[in-house]
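Chemist: Sending over a structure as structure tokens; questions will come in a sec.
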Amino acid sequence: MTRNPLLRCVSRLWPRVWCLFLSMCVLSGSEDSINAPRQGAELLKTDILAVFAHPDDETGMAATLAYYARSQHAVVATVYCTRGEGGGNMVGLQAGAALGALREAELRDCLNTLGVRYCYFLDQLDWAYTESVAATLAKWGKETTLEKLVRWVRALRPEIIVTMNPAPNPGQHGHHQAAGVLATEAFAAAADGQRFPLQLSKEGLSVWQARKLYFNGGSTGTVASIRVNDPIGTEATPAEIAARALVNHRSQAFGNFANASWLQHPQRFTLVKSFVRVPAAETNLLEGLPVQSVTALIPLAAAPVVPPVQLEFVPRPALTAYRQWAIAQGIQHVTAAFRADRPVVAGEANEVRVRLIHSDKEKRPGQLSLQLPPGWRVNPLSLSVAVPPGIAHEAVFHVLPPAGLRGDIDALAIARMGAETLSASATFHLLPKARVPRLPARPPLDGTDRGWENVAPIGIAETNLVQGKVSSPADSSAQFRLAHRDRILFVDVQVRDDIVVTNIAPNDIKGHWRSDSIELCLDPVGGAEHTMGCFKLGIFPFDTSGMVRGARDADANQGLVEETAPHTRLVSRRTPDGYRIQAAIPFDEIRVARGVKRLGFNLIIYDGDKQPAALGENINKSRLAWAPRPGVMGRPEDWGRIDLE
């Protein structure tokens, strides 16, 4: 039988066709393998992990994150300790958990614009403004929070970690400090198999050592400076992208950030730890990365030379704790620029301690003295000491600044040890004080001077700035009087304000800093490190219905005054040049124990002149205080002192 010629041709070609088909399958499989999407642990592999406390904390490095995510195609992830549920709300009435949900939505829109790929939360509570990292970590539970953060470091395996500066600078939120502390400790803990081992044995994670750690900002040591005003291809600059992104934080009044020119400045980062060598002045946070493995930390500063004799002022407790923590973390170089900072009350003797230590084998005799401005008194003028070897000796001086003196002054301690002379400097921050007379009868709180005739007023000048600008005494200033009777503190505050704004609704009594208001700050122990034992009351002179309203804020009992301090009474009246608020606060609600004569006190005046102002809008323009300093509302150590007669 004759075979079909076409079939004979196909039969001869079939082996070749089959081989070609198999080859194409192999090549296609190889290409699919090359272009296969990342999966499993590789899907989460991150270049930059940024650790913050609240949504919107990325502001200070937003342009840098946009640069790496959009220009360098780096994988960027963020972790937030809280959802910001303790903050203000300029766009609605949401508070607490509901506000946290809103702020998370705003944050994710912001991060999407920046190009940040992953965002996670440690689910800790944003509970109040404080300047105390100790109070923050006690509230959160430090070890539990650290474990959560270590989990994300091990899961994401970042090349570098960037975070907030944990230094206790005036004005630095304690939650921000805590984020920096946790990120620093997680940098080492994530690489330690002895820390949180169940993550390794039960969750399938592995230890991971990030290669570099940075704090946001910096002026000393190894500092990276990142340019953010060069266009990304045909797109906008990283600064412009950041400006568009940050506008999403509208609940925090970021709606006008689109025109923020300061975002165009280079953003700076302090290199804190590194396993790779970098130039002294970095321009790339990912310099030298990636590397397959790391062995030992690269020294970032020369080993400190410990002099045979050391002299220093004993600083405030927060700074002492920070220095001790930095030594334990092996990053004492970040504390090099810090100096002792002590609050001292003007017009009275203050105890000041000076610490002296030496490494000689025998006791060393010497003379200690303080060098202060003219008009200051010191007792004793000098001290003879005999310092045992290796044991810190603390000498006590009593320093009396002139009454009424304000501001900061430089103090110098001098030690003469034989032929050797040493010196140490400190900042003395001067605090006001006032006496609180006992009245023969309770004042009526009727918005007049009745009952206050013999109580001298105390002024708060327009120059007593905490924040913002004040053009004149008529723009913002105040005077107040304090008195007590029957274990009740009476307060009379007369505020000069040429434009009194009323934009807070009766169902929105919180966040007093958003509008014209005052804040009464009372510390029952006088000089506490944080506000958890304090009484802090923000008072709106008028809500939109014309009623005086108040709410406690940033203490351990926050909320409407009628719920948290039900026996406190408030009165408010319009005056020709502003408004007048009077209050009666029982000592029991302040938690003043019987027999206590000295309290910490501050009065803060908030002014916003915008008219018309939207309902609930944050119009705060300036803050004045009897005892002014950045962040003073969260640091009772820097409040003034009052004495009950």
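By convention here, the chains of the structure tokens are called A, B, ... in the order presented, each chain's residues are numbered starting at 1, and ligands are numbered starting at 1 in the order presented.
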Contacts of stretch 555-569 of chain A at 8 Å or less, counting only C-alpha atoms, minus same-chain residues fewer than 5 places along, as a PyMOL selection string?
Modeler: chain A and resi 128+509-510+531-537+549-550+583-586+589
Chemist: What are the nearest atom pairs, with distances in Å to one decimal, for all residues of stretch 109-167 of chain A that come at most 10 Å from stretch 90-103 of chain A, using only C-alpha atoms, set out by chain and rising residue number as JSON lines?
Modeler:
```
{"residue": "A:Asp109", "atom": "CA", "partner": "A:Arg103", "partner_atom": "CA", "distance": 9.9}
{"residue": "A:Leu125", "atom": "CA", "partner": "A:Ala97", "partner_atom": "CA", "distance": 9.4}
{"residue": "A:Asp126", "atom": "CA", "partner": "A:Gly96", "partner_atom": "CA", "distance": 8.8}
{"residue": "A:Trp127", "atom": "CA", "partner": "A:Gly96", "partner_atom": "CA", "distance": 9.1}
```
Chemist: Choose the residue, out of A:Asp486, A:Glu131, A:Asp508, A:Glu143, that has the smallest atom-to-atom separation from A:Pro636; count only C-alpha atoms.
Modeler: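 Among A:Asp486, A:Glu131, A:Asp508, A:Glu143, it is A:Glu131 that comes nearest to A:Pro636.
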Chemist: Give me, as a count of residues only, all polymer residues having an atom no more than 12 Å from A:Val181, counting only C-alpha atoms and skipping those fewer than 3 positions away in the same chain.
Modeler: 40
Chemist: From the set A:Leu246, A:Ala551, A:Val309, A:Gly221, which residue has the shortest atom-to-atom contact distance to A:Lys273, counting only C-alpha atoms?
Modeler: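 Selected residue with least distance to A:Lys273: A:Gly221.
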Chemist: Enumerate the residues of stretch 214-456 of chain A with a DSSP assignment of strand (DSSP E), computed from the backbone, and present them as a PDB file with N, CA and C atoms, in the first residue's frame.
Modeler:
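In the end it all went to result03.pdb:
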```
ATOM      1  N   TYR A 214      19.847  53.911  62.452  1.00  0.00           N
ATOM      2  CA  TYR A 214      19.915  55.367  62.398  1.00  0.00           C
ATOM      3  C   TYR A 214      18.853  55.998  63.295  1.00  0.00           C
ATOM      4  N   PHE A 215      19.191  57.138  63.902  1.00  0.00           N
ATOM      5  CA  PHE A 215      18.221  58.016  64.538  1.00  0.00           C
ATOM      6  C   PHE A 215      17.927  59.168  63.581  1.00  0.00           C
ATOM      7  N   ASN A 216      16.684  59.606  63.559  1.00  0.00           N
ATOM      8  CA  ASN A 216      16.305  60.739  62.726  1.00  0.00           C
ATOM      9  C   ASN A 216      16.939  62.022  63.268  1.00  0.00           C
ATOM     10  N   VAL A 223      26.994  61.358  60.327  1.00  0.00           N
ATOM     11  CA  VAL A 223      25.676  61.854  59.945  1.00  0.00           C
ATOM     12  C   VAL A 223      25.466  61.635  58.455  1.00  0.00           C
ATOM     13  N   ALA A 224      24.329  61.077  58.095  1.00  0.00           N
ATOM     14  CA  ALA A 224      23.946  60.932  56.694  1.00  0.00           C
ATOM     15  C   ALA A 224      23.030  62.084  56.321  1.00  0.00           C
ATOM     16  N   SER A 225      23.280  62.680  55.165  1.00  0.00           N
ATOM     17  CA  SER A 225      22.448  63.768  54.664  1.00  0.00           C
ATOM     18  C   SER A 225      21.875  63.344  53.317  1.00  0.00           C
ATOM     19  N   ILE A 226      20.545  63.292  53.226  1.00  0.00           N
ATOM     20  CA  ILE A 226      19.877  62.771  52.039  1.00  0.00           C
ATOM     21  C   ILE A 226      19.219  63.923  51.288  1.00  0.00           C
ATOM     22  N   GLN A 267      17.525  65.837  54.484  1.00  0.00           N
ATOM     23  CA  GLN A 267      17.128  65.209  55.740  1.00  0.00           C
ATOM     24  C   GLN A 267      18.326  64.458  56.316  1.00  0.00           C
ATOM     25  N   ARG A 268      18.516  64.627  57.618  1.00  0.00           N
ATOM     26  CA  ARG A 268      19.728  64.150  58.271  1.00  0.00           C
ATOM     27  C   ARG A 268      19.409  62.997  59.214  1.00  0.00           C
ATOM     28  N   PHE A 269      20.355  62.067  59.304  1.00  0.00           N
ATOM     29  CA  PHE A 269      20.218  60.890  60.145  1.00  0.00           C
ATOM     30  C   PHE A 269      21.553  60.621  60.836  1.00  0.00           C
ATOM     31  N   THR A 270      21.492  60.289  62.120  1.00  0.00           N
ATOM     32  CA  THR A 270      22.692  59.944  62.870  1.00  0.00           C
ATOM     33  C   THR A 270      22.884  58.431  62.842  1.00  0.00           C
ATOM     34  N   LEU A 271      24.044  57.991  62.386  1.00  0.00           N
ATOM     35  CA  LEU A 271      24.361  56.570  62.381  1.00  0.00           C
ATOM     36  C   LEU A 271      24.694  56.141  63.807  1.00  0.00           C
ATOM     37  N   VAL A 272      23.935  55.197  64.321  1.00  0.00           N
ATOM     38  CA  VAL A 272      24.058  54.782  65.720  1.00  0.00           C
ATOM     39  C   VAL A 272      24.831  53.478  65.843  1.00  0.00           C
ATOM     40  N   LYS A 273      24.539  52.510  64.974  1.00  0.00           N
ATOM     41  CA  LYS A 273      25.256  51.236  64.934  1.00  0.00           C
ATOM     42  C   LYS A 273      25.418  50.818  63.477  1.00  0.00           C
ATOM     43  N   SER A 274      26.533  50.129  63.194  1.00  0.00           N
ATOM     44  CA  SER A 274      26.751  49.673  61.824  1.00  0.00           C
ATOM     45  C   SER A 274      27.654  48.449  61.811  1.00  0.00           C
ATOM     46  N   ALA A 281      30.884  61.148  56.059  1.00  0.00           N
ATOM     47  CA  ALA A 281      29.689  61.927  55.726  1.00  0.00           C
ATOM     48  C   ALA A 281      28.903  61.145  54.678  1.00  0.00           C
ATOM     49  N   GLU A 282      27.912  60.417  55.119  1.00  0.00           N
ATOM     50  CA  GLU A 282      27.136  59.569  54.209  1.00  0.00           C
ATOM     51  C   GLU A 282      26.148  60.393  53.390  1.00  0.00           C
ATOM     52  N   VAL A 309      40.420  61.673  86.796  1.00  0.00           N
ATOM     53  CA  VAL A 309      39.460  62.357  87.663  1.00  0.00           C
ATOM     54  C   VAL A 309      38.298  62.836  86.796  1.00  0.00           C
ATOM     55  N   GLN A 310      37.070  62.548  87.235  1.00  0.00           N
ATOM     56  CA  GLN A 310      35.882  62.957  86.495  1.00  0.00           C
ATOM     57  C   GLN A 310      35.003  63.819  87.388  1.00  0.00           C
ATOM     58  N   LEU A 311      34.451  64.863  86.781  1.00  0.00           N
ATOM     59  CA  LEU A 311      33.609  65.807  87.506  1.00  0.00           C
ATOM     60  C   LEU A 311      32.367  66.089  86.676  1.00  0.00           C
ATOM     61  N   GLU A 312      31.189  66.098  87.317  1.00  0.00           N
ATOM     62  CA  GLU A 312      29.961  66.429  86.605  1.00  0.00           C
ATOM     63  C   GLU A 312      28.884  66.885  87.583  1.00  0.00           C
ATOM     64  N   PHE A 313      27.956  67.697  87.085  1.00  0.00           N
ATOM     65  CA  PHE A 313      26.728  67.981  87.811  1.00  0.00           C
ATOM     66  C   PHE A 313      25.823  66.753  87.703  1.00  0.00           C
ATOM     67  N   ALA A 340      24.277  68.401  81.737  1.00  0.00           N
ATOM     68  CA  ALA A 340      23.319  68.351  82.833  1.00  0.00           C
ATOM     69  C   ALA A 340      22.353  69.525  82.729  1.00  0.00           C
ATOM     70  N   ASP A 341      21.106  69.265  83.074  1.00  0.00           N
ATOM     71  CA  ASP A 341      20.057  70.269  83.013  1.00  0.00           C
ATOM     72  C   ASP A 341      19.258  70.156  84.303  1.00  0.00           C
ATOM     73  N   ARG A 342      19.190  71.248  85.059  1.00  0.00           N
ATOM     74  CA  ARG A 342      18.533  71.204  86.361  1.00  0.00           C
ATOM     75  C   ARG A 342      17.543  72.353  86.504  1.00  0.00           C
ATOM     76  N   PRO A 343      16.292  72.064  86.899  1.00  0.00           N
ATOM     77  CA  PRO A 343      15.389  73.155  87.262  1.00  0.00           C
ATOM     78  C   PRO A 343      15.751  73.702  88.636  1.00  0.00           C
ATOM     79  N   VAL A 344      15.782  75.012  88.771  1.00  0.00           N
ATOM     80  CA  VAL A 344      16.038  75.658  90.062  1.00  0.00           C
ATOM     81  C   VAL A 344      15.009  76.760  90.250  1.00  0.00           C
ATOM     82  N   VAL A 345      14.510  76.892  91.463  1.00  0.00           N
ATOM     83  CA  VAL A 345      13.472  77.872  91.770  1.00  0.00           C
ATOM     84  C   VAL A 345      14.133  79.194  92.136  1.00  0.00           C
ATOM     85  N   ASN A 350      18.241  76.057  96.444  1.00  0.00           N
ATOM     86  CA  ASN A 350      18.012  74.806  95.729  1.00  0.00           C
ATOM     87  C   ASN A 350      19.199  73.880  95.940  1.00  0.00           C
ATOM     88  N   GLU A 351      18.913  72.635  96.208  1.00  0.00           N
ATOM     89  CA  GLU A 351      19.990  71.661  96.365  1.00  0.00           C
ATOM     90  C   GLU A 351      20.541  71.272  94.998  1.00  0.00           C
ATOM     91  N   VAL A 352      21.831  71.406  94.827  1.00  0.00           N
ATOM     92  CA  VAL A 352      22.523  71.029  93.596  1.00  0.00           C
ATOM     93  C   VAL A 352      23.642  70.078  93.960  1.00  0.00           C
ATOM     94  N   ARG A 353      23.706  68.958  93.263  1.00  0.00           N
ATOM     95  CA  ARG A 353      24.717  67.943  93.558  1.00  0.00           C
ATOM     96  C   ARG A 353      25.778  67.911  92.465  1.00  0.00           C
ATOM     97  N   VAL A 354      27.012  67.781  92.899  1.00  0.00           N
ATOM     98  CA  VAL A 354      28.146  67.651  91.995  1.00  0.00           C
ATOM     99  C   VAL A 354      28.831  66.324  92.298  1.00  0.00           C
ATOM    100  N   ARG A 355      29.095  65.545  91.261  1.00  0.00           N
ATOM    101  CA  ARG A 355      29.675  64.208  91.439  1.00  0.00           C
ATOM    102  C   ARG A 355      31.142  64.225  91.023  1.00  0.00           C
ATOM    103  N   LEU A 356      31.985  63.599  91.858  1.00  0.00           N
ATOM    104  CA  LEU A 356      33.428  63.534  91.612  1.00  0.00           C
ATOM    105  C   LEU A 356      33.875  62.094  91.790  1.00  0.00           C
ATOM    106  N   ILE A 357      34.679  61.608  90.851  1.00  0.00           N
ATOM    107  CA  ILE A 357      35.198  60.239  90.944  1.00  0.00           C
ATOM    108  C   ILE A 357      36.602  60.219  90.355  1.00  0.00           C
ATOM    109  N   HIS A 358      37.466  59.364  90.913  1.00  0.00           N
ATOM    110  CA  HIS A 358      38.817  59.234  90.359  1.00  0.00           C
ATOM    111  C   HIS A 358      39.253  57.775  90.422  1.00  0.00           C
ATOM    112  N   ARG A 364      42.015  61.038  97.291  1.00  0.00           N
ATOM    113  CA  ARG A 364      42.564  62.283  96.765  1.00  0.00           C
ATOM    114  C   ARG A 364      41.842  63.452  97.410  1.00  0.00           C
ATOM    115  N   PRO A 365      42.561  64.343  98.064  1.00  0.00           N
ATOM    116  CA  PRO A 365      41.928  65.539  98.632  1.00  0.00           C
ATOM    117  C   PRO A 365      41.736  66.584  97.544  1.00  0.00           C
ATOM    118  N   GLY A 366      40.777  67.466  97.763  1.00  0.00           N
ATOM    119  CA  GLY A 366      40.558  68.527  96.795  1.00  0.00           C
ATOM    120  C   GLY A 366      39.567  69.548  97.305  1.00  0.00           C
ATOM    121  N   GLN A 367      39.341  70.579  96.482  1.00  0.00           N
ATOM    122  CA  GLN A 367      38.405  71.647  96.793  1.00  0.00           C
ATOM    123  C   GLN A 367      37.399  71.768  95.655  1.00  0.00           C
ATOM    124  N   LEU A 368      36.126  71.823  96.012  1.00  0.00           N
ATOM    125  CA  LEU A 368      35.060  71.994  95.031  1.00  0.00           C
ATOM    126  C   LEU A 368      34.411  73.356  95.221  1.00  0.00           C
ATOM    127  N   SER A 369      34.045  73.993  94.111  1.00  0.00           N
ATOM    128  CA  SER A 369      33.330  75.265  94.171  1.00  0.00           C
ATOM    129  C   SER A 369      32.467  75.407  92.920  1.00  0.00           C
ATOM    130  N   LEU A 370      31.506  76.334  92.979  1.00  0.00           N
ATOM    131  CA  LEU A 370      30.638  76.629  91.841  1.00  0.00           C
ATOM    132  C   LEU A 370      30.888  78.049  91.359  1.00  0.00           C
ATOM    133  N   GLN A 371      30.818  78.224  90.057  1.00  0.00           N
ATOM    134  CA  GLN A 371      30.964  79.543  89.453  1.00  0.00           C
ATOM    135  C   GLN A 371      29.622  79.931  88.849  1.00  0.00           C
ATOM    136  N   ARG A 377      23.716  83.395  95.197  1.00  0.00           N
ATOM    137  CA  ARG A 377      24.372  83.004  96.441  1.00  0.00           C
ATOM    138  C   ARG A 377      24.557  81.492  96.460  1.00  0.00           C
ATOM    139  N   VAL A 378      25.708  81.056  96.972  1.00  0.00           N
ATOM    140  CA  VAL A 378      26.027  79.631  97.058  1.00  0.00           C
ATOM    141  C   VAL A 378      26.478  79.316  98.472  1.00  0.00           C
ATOM    142  N   ASN A 379      25.959  78.240  99.009  1.00  0.00           N
ATOM    143  CA  ASN A 379      26.357  77.794 100.345  1.00  0.00           C
ATOM    144  C   ASN A 379      26.659  76.293 100.290  1.00  0.00           C
ATOM    145  N   SER A 382      32.823  76.880  99.097  1.00  0.00           N
ATOM    146  CA  SER A 382      33.667  75.792  98.604  1.00  0.00           C
ATOM    147  C   SER A 382      33.607  74.652  99.601  1.00  0.00           C
ATOM    148  N   LEU A 383      33.968  73.469  99.116  1.00  0.00           N
ATOM    149  CA  LEU A 383      33.939  72.267  99.942  1.00  0.00           C
ATOM    150  C   LEU A 383      35.275  71.560  99.864  1.00  0.00           C
ATOM    151  N   SER A 384      35.771  71.144 101.010  1.00  0.00           N
ATOM    152  CA  SER A 384      36.950  70.282 101.025  1.00  0.00           C
ATOM    153  C   SER A 384      36.472  68.836 100.960  1.00  0.00           C
ATOM    154  N   VAL A 385      37.072  68.068 100.077  1.00  0.00           N
ATOM    155  CA  VAL A 385      36.661  66.677  99.899  1.00  0.00           C
ATOM    156  C   VAL A 385      37.886  65.777  99.938  1.00  0.00           C
ATOM    157  N   ALA A 386      37.637  64.518 100.315  1.00  0.00           N
ATOM    158  CA  ALA A 386      38.651  63.464 100.233  1.00  0.00           C
ATOM    159  C   ALA A 386      37.967  62.285  99.558  1.00  0.00           C
ATOM    160  N   VAL A 387      38.250  62.083  98.273  1.00  0.00           N
ATOM    161  CA  VAL A 387      37.486  61.158  97.447  1.00  0.00           C
ATOM    162  C   VAL A 387      38.160  59.796  97.428  1.00  0.00           C
ATOM    163  N   HIS A 393      31.817  60.346  94.632  1.00  0.00           N
ATOM    164  CA  HIS A 393      31.544  61.192  95.784  1.00  0.00           C
ATOM    165  C   HIS A 393      30.650  62.329  95.334  1.00  0.00           C
ATOM    166  N   GLU A 394      29.507  62.523  96.011  1.00  0.00           N
ATOM    167  CA  GLU A 394      28.594  63.595  95.670  1.00  0.00           C
ATOM    168  C   GLU A 394      28.668  64.699  96.715  1.00  0.00           C
ATOM    169  N   ALA A 395      28.946  65.880  96.248  1.00  0.00           N
ATOM    170  CA  ALA A 395      28.985  67.052  97.112  1.00  0.00           C
ATOM    171  C   ALA A 395      27.708  67.854  96.903  1.00  0.00           C
ATOM    172  N   VAL A 396      27.171  68.389  97.987  1.00  0.00           N
ATOM    173  CA  VAL A 396      25.898  69.109  97.945  1.00  0.00           C
ATOM    174  C   VAL A 396      26.138  70.598  98.167  1.00  0.00           C
ATOM    175  N   PHE A 397      25.647  71.403  97.236  1.00  0.00           N
ATOM    176  CA  PHE A 397      25.643  72.857  97.371  1.00  0.00           C
ATOM    177  C   PHE A 397      24.195  73.334  97.410  1.00  0.00           C
ATOM    178  N   HIS A 398      23.969  74.465  98.035  1.00  0.00           N
ATOM    179  CA  HIS A 398      22.670  75.113  98.012  1.00  0.00           C
ATOM    180  C   HIS A 398      22.814  76.435  97.266  1.00  0.00           C
ATOM    181  N   VAL A 399      22.063  76.531  96.167  1.00  0.00           N
ATOM    182  CA  VAL A 399      22.189  77.644  95.240  1.00  0.00           C
ATOM    183  C   VAL A 399      20.929  78.495  95.325  1.00  0.00           C
ATOM    184  N   LEU A 400      21.102  79.799  95.533  1.00  0.00           N
ATOM    185  CA  LEU A 400      19.970  80.722  95.655  1.00  0.00           C
ATOM    186  C   LEU A 400      20.046  81.766  94.546  1.00  0.00           C
ATOM    187  N   GLY A 407      14.546  82.261  82.774  1.00  0.00           N
ATOM    188  CA  GLY A 407      15.376  81.811  81.670  1.00  0.00           C
ATOM    189  C   GLY A 407      16.363  80.739  82.078  1.00  0.00           C
ATOM    190  N   ASP A 408      17.361  80.514  81.243  1.00  0.00           N
ATOM    191  CA  ASP A 408      18.396  79.513  81.477  1.00  0.00           C
ATOM    192  C   ASP A 408      19.735  80.213  81.698  1.00  0.00           C
ATOM    193  N   ILE A 409      20.535  79.669  82.591  1.00  0.00           N
ATOM    194  CA  ILE A 409      21.890  80.210  82.787  1.00  0.00           C
ATOM    195  C   ILE A 409      22.873  79.046  82.807  1.00  0.00           C
ATOM    196  N   ASP A 410      24.117  79.346  82.472  1.00  0.00           N
ATOM    197  CA  ASP A 410      25.182  78.354  82.510  1.00  0.00           C
ATOM    198  C   ASP A 410      25.850  78.381  83.879  1.00  0.00           C
ATOM    199  N   ALA A 411      26.030  77.202  84.448  1.00  0.00           N
ATOM    200  CA  ALA A 411      26.722  77.067  85.726  1.00  0.00           C
ATOM    201  C   ALA A 411      27.990  76.252  85.519  1.00  0.00           C
ATOM    202  N   LEU A 412      28.995  76.509  86.352  1.00  0.00           N
ATOM    203  CA  LEU A 412      30.280  75.832  86.226  1.00  0.00           C
ATOM    204  C   LEU A 412      30.698  75.299  87.590  1.00  0.00           C
ATOM    205  N   ALA A 413      31.092  74.032  87.621  1.00  0.00           N
ATOM    206  CA  ALA A 413      31.677  73.443  88.825  1.00  0.00           C
ATOM    207  C   ALA A 413      33.191  73.362  88.626  1.00  0.00           C
ATOM    208  N   ILE A 414      33.934  73.710  89.645  1.00  0.00           N
ATOM    209  CA  ILE A 414      35.397  73.711  89.596  1.00  0.00           C
ATOM    210  C   ILE A 414      35.920  72.752  90.661  1.00  0.00           C
ATOM    211  N   ALA A 415      36.803  71.866  90.264  1.00  0.00           N
ATOM    212  CA  ALA A 415      37.461  70.967  91.217  1.00  0.00           C
ATOM    213  C   ALA A 415      38.974  71.175  91.118  1.00  0.00           C
ATOM    214  N   ARG A 416      39.595  71.451  92.249  1.00  0.00           N
ATOM    215  CA  ARG A 416      41.056  71.597  92.306  1.00  0.00           C
ATOM    216  C   ARG A 416      41.605  70.426  93.109  1.00  0.00           C
ATOM    217  N   MET A 417      42.274  69.523  92.401  1.00  0.00           N
ATOM    218  CA  MET A 417      42.826  68.312  93.007  1.00  0.00           C
ATOM    219  C   MET A 417      44.344  68.395  92.919  1.00  0.00           C
ATOM    220  N   GLU A 420      46.011  69.751  89.701  1.00  0.00           N
ATOM    221  CA  GLU A 420      45.063  69.556  88.602  1.00  0.00           C
ATOM    222  C   GLU A 420      43.775  70.331  88.881  1.00  0.00           C
ATOM    223  N   THR A 421      43.257  70.998  87.842  1.00  0.00           N
ATOM    224  CA  THR A 421      41.991  71.722  87.933  1.00  0.00           C
ATOM    225  C   THR A 421      41.040  71.202  86.866  1.00  0.00           C
ATOM    226  N   LEU A 422      39.836  70.837  87.291  1.00  0.00           N
ATOM    227  CA  LEU A 422      38.824  70.336  86.361  1.00  0.00           C
ATOM    228  C   LEU A 422      37.601  71.234  86.430  1.00  0.00           C
ATOM    229  N   SER A 423      36.784  71.181  85.358  1.00  0.00           N
ATOM    230  CA  SER A 423      35.537  71.934  85.350  1.00  0.00           C
ATOM    231  C   SER A 423      34.449  71.122  84.658  1.00  0.00           C
ATOM    232  N   ALA A 424      33.202  71.395  85.011  1.00  0.00           N
ATOM    233  CA  ALA A 424      32.038  70.770  84.386  1.00  0.00           C
ATOM    234  C   ALA A 424      30.934  71.810  84.316  1.00  0.00           C
ATOM    235  N   SER A 425      30.147  71.782  83.234  1.00  0.00           N
ATOM    236  CA  SER A 425      29.103  72.790  83.053  1.00  0.00           C
ATOM    237  C   SER A 425      27.719  72.154  83.135  1.00  0.00           C
ATOM    238  N   ALA A 426      26.734  73.002  83.364  1.00  0.00           N
ATOM    239  CA  ALA A 426      25.339  72.578  83.425  1.00  0.00           C
ATOM    240  C   ALA A 426      24.454  73.746  83.053  1.00  0.00           C
ATOM    241  N   THR A 427      23.217  73.438  82.672  1.00  0.00           N
ATOM    242  CA  THR A 427      22.200  74.452  82.438  1.00  0.00           C
ATOM    243  C   THR A 427      21.253  74.475  83.627  1.00  0.00           C
ATOM    244  N   PHE A 428      21.109  75.631  84.251  1.00  0.00           N
ATOM    245  CA  PHE A 428      20.116  75.817  85.301  1.00  0.00           C
ATOM    246  C   PHE A 428      18.903  76.508  84.672  1.00  0.00           C
ATOM    247  N   HIS A 429      17.762  75.832  84.742  1.00  0.00           N
ATOM    248  CA  HIS A 429      16.522  76.384  84.201  1.00  0.00           C
ATOM    249  C   HIS A 429      15.724  76.977  85.354  1.00  0.00           C
ATOM    250  N   LEU A 430      15.496  78.282  85.302  1.00  0.00           N
ATOM    251  CA  LEU A 430      14.906  79.008  86.422  1.00  0.00           C
ATOM    252  C   LEU A 430      13.384  78.915  86.415  1.00  0.00           C
ATOM    253  N   LEU A 431      12.822  78.599  87.570  1.00  0.00           N
ATOM    254  CA  LEU A 431      11.381  78.438  87.731  1.00  0.00           C
ATOM    255  C   LEU A 431      10.827  79.546  88.617  1.00  0.00           C
ATOM    256  N   LYS A 433       8.039  81.076  91.423  1.00  0.00           N
ATOM    257  CA  LYS A 433       7.287  80.573  92.561  1.00  0.00           C
ATOM    258  C   LYS A 433       6.321  81.640  93.031  1.00  0.00           C
ATOM    259  N   ALA A 434       5.291  81.215  93.743  1.00  0.00           N
ATOM    260  CA  ALA A 434       4.285  82.152  94.248  1.00  0.00           C
ATOM    261  C   ALA A 434       3.687  81.594  95.528  1.00  0.00           C
ATOM    262  N   ARG A 435       3.193  82.502  96.376  1.00  0.00           N
ATOM    263  CA  ARG A 435       2.510  82.070  97.581  1.00  0.00           C
ATOM    264  C   ARG A 435       1.011  82.077  97.319  1.00  0.00           C
ATOM    265  N   VAL A 436       0.290  81.170  97.973  1.00  0.00           N
ATOM    266  CA  VAL A 436      -1.156  81.025  97.810  1.00  0.00           C
ATOM    267  C   VAL A 436      -1.801  81.331  99.158  1.00  0.00           C
TER     268      VAL A 436
END
```
Chemist: Which of these, A:Val79, A:Val470, A:Leu465, A:Val247, has the shortest distance to A:Val150 once you count only C-alpha atoms?
Modeler: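 For A:Val150, the nearest of the given residues is A:Val79.
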Chemist: Skipping near chain neighbours, those fewer than 5 positions away, what residues fall within 9 Å of A:Ala155 using only C-alpha atoms, listed as a ChimeraX atom specification?
Modeler: /A:41,44-45,150,205-206,208
Chemist: Based on the backbone DSSP call, show me all residues of stretch 126-215 of chain A assigned helix (DSSP H, G or I), as a PyMOL selection string.
Modeler: chain A and resi 133-140+142-156+174-189+198-201
Chemist: At a cut-off of 10 Å, using only C-alpha atoms, what residues contact A:Arg629? Leave out same-chain residues fewer than 3 positions from it and give the result as a PyMOL selection string.
Modeler: chain A and resi 170-171+407+429+464-467+624-626+632-633+635+638-639
Chemist: For A:Asn618, find every residue with an atom within 8 Å (counting only C-alpha atoms), except residues of its own chain fewer than 3 positions away, and show them as a list in words.
Modeler: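 Listing them by chain and then by number gives Met90, Ala253, Trp513, Arg514 and Ser515 of chain A.
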Chemist: Within 8 Å of A:His173, counting only C-alpha atoms, which residues show up once you throw out same-chain ones fewer than 6 positions away? Write them as a ChimeraX atom specification, please.
Modeler: /A:129-132,631
Chemist: For A:Leu297, which residue out of A:Leu570, A:Ile504, A:Ala210, A:Ala478 is the nearest one, using only C-alpha atoms?
Modeler: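 Using only C-alpha atoms, the shortest distance to A:Leu297 belongs to A:Ala210.
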Chemist: Enter the distance from atom CA of A:Ala593 to atom CA of A:Leu522, in Å, rounded to one decimal.
Modeler: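 These atoms are spaced 13.2 Å apart.
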Chemist: Please compute the atom CA of A:Ala236-atom CA of A:Gly60 distance, one decimal, in Å.
Modeler: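 The value is 18.6 Å.
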